[in-house]
Structure formats: structure tokens, C-alpha cells
Amino acid sequence: MVSSPSQLTEFGPSDTVVGRYPWLTPDRLTRVRAILLALSLFFGLVVYVFHTVSTARNATPVLIHKLRGVGVLTWIYALVQMVDLRFYNSRWAKRRRSSTGIPDSLHGWLFGQMLAWFGILYYGLTEDLRWYVAGLVILALSFLAFPIRRPR
């Protein structure tokens with residue numbers, strides 16, 4: 001929560017970090033963004049190498065069906081949260097902003113990364129690359145939708 005009234009800001013898309021994470025400067029956010037993308041690409045490469053080097057047994061159709069259900073729910077959750085964080089600014093977005101102290105841009109990127117990492121999991125279990133590629137596209141779009149705001 002906000003510790004003093006002087007730290008209250010207007011609720012709106014903001015990247016100001018109040019009190020909790022003063023080390024999370026715009027320069028460090030650039031590094032964090034690069035690390036998120038590098039980890040997503042690296043783990044996707046690890047799964048690719050695993051599938052090309054060894055023969056993995058495909059998951060059962062029941063597991064694949066359940067994974068698709070979890071994937072659809074994950075995608076709906078992440079996309080709704082990203083749209084809310086960027087455009088609608090509901091009470092959940094306000095509560096998240098005031099309780100964590102993390103910039104909106106980092107929250108948006110983490111929602112995008114969640115989709116890419118679900119794609120890695122699905123790719124690892126089923127050898128189906130589509131969820132991973134779609135997750136990477138959303139991750140890249142989250143970098144555009146949630147830019148790093150520099151202090152003026």
C-alpha cells in the first residue's frame with residue numbers, strides 16, 4: 001500500500017515507481033525487458049533441441065485436451081488483464097498498481113511472458129509450436145503496448 005499521502009498519484013497508466021523499487025529505473029527496465037525476451041527464446045531453443053536430439057513420447061489426447069483448456073483460460077486471463085491495464089484502468093489495475101509498486105510496463109510484459117512460457121510448456125509436451133510462436137508474438141506486442149516511460 002501507499003505509505004503516505006504525498007506518494008499518492010493519479011490513477012492512470014503510469015510507470016512511476018513509488019518507494020518500493022527505487023532501483024527499477026528506466027535503464028534497468030530496458031535490461032529486464034531484454035532478459036525476459038532472452039529467457040523466452042532460450043527455453044524455446046532448449047525444447048527445440050530436446051525434440052530434435054531425443055525421441056519424446058507424445059502426451060496422451062486427454063492431457064492435450066486439458067492443456068488446451070488451460071491454455072485458452074491463460075490466454076483469456078492475460079489478454080483481459082493487459083487490455084485492462086493499458087486502456088480501461090479498472091479497480092483491479094488500480095489495486096495492483098498501488099499494492100506492488102511495479103511499473104505498468106513490467107506488469108504488461110510479464111503477462112506477455114506468461115503466454116510465451118505456456119507456449120513453451122505446450123511445445124515441450126506436444127511438439128506443437130503454434131502456442132509458443134503466438135506467445136512470442138504477444139510478448140513482442142506487449143513491448144510495444146507498454147513502453148518504458150522516461151521521467152521528464
# chains A, B, ... in the order shown; residues from 1 in each chain; ligands from 1
>>> residues_around(residues="A:Leu106", least_positions_apart="3", cutoff="10 Å", atoms="only C-alpha atoms", output="NGL selection string")
:A and (15 or 24 or 29 or 32-33 or 102-103 or 109-112 or 142-143 or 146-148)
>>> residues_around(residues="stretch 58-70 of chain A", least_positions_apart="5", cutoff="10 Å", atoms="only C-alpha atoms", output="PyMOL selection string")
chain A and resi 75-76+118+121-122+124-127+131
>>> residues_around(residues="stretch 79-84 of chain A", least_positions_apart="5", cutoff="7 Å", atoms="only C-alpha atoms", output="compact mmCIF listing (two decimals) with N, CA, C and O atoms, in the first residue's frame")
# COMPACT_ATOMS: atom_id res chain seq x y z
N ASN A 89 -8.26 0.59 -17.02
CA ASN A 89 -7.84 1.04 -15.69
C ASN A 89 -8.90 0.77 -14.63
O ASN A 89 -9.34 1.67 -13.91
N SER A 90 -9.32 -0.48 -14.50
CA SER A 90 -10.35 -0.87 -13.54
C SER A 90 -9.81 -0.85 -12.12
O SER A 90 -8.64 -0.57 -11.88
N ALA A 93 -6.75 -3.10 -11.67
CA ALA A 93 -5.49 -2.50 -12.12
C ALA A 93 -5.02 -1.45 -11.12
O ALA A 93 -3.82 -1.36 -10.82
N GLY A 108 2.69 -5.53 -17.77
CA GLY A 108 2.27 -5.91 -19.12
C GLY A 108 3.22 -6.91 -19.76
O GLY A 108 2.80 -7.87 -20.39
N PHE A 111 2.70 -10.38 -18.24
CA PHE A 111 1.53 -11.08 -18.79
C PHE A 111 1.87 -11.64 -20.17
O PHE A 111 1.46 -12.75 -20.51
>>> closest_residue(among="A:Thr74, A:Gly135, A:Arg86, A:Ser105", to="A:Thr30", atoms="only C-alpha atoms")
A:Ser105
>>> closest_residue(among="A:Ala145, A:Ala134, A:Leu139, A:Leu129", to="A:Leu45", atoms="only C-alpha atoms")
A:Leu129
>>> atom_distance(atom1="atom CA of A:Ser40", atom2="atom CA of A:Leu136")
7.8 Å
>>> select_by_dssp(residues="chain A", states="alpha helix (DSSP H)", output="count of residues only")
100
>>> closest_residue(among="A:Val72, A:Ile138, A:Val133, A:Ala34", to="A:Gln113", atoms="only C-alpha atoms")
A:Ile138
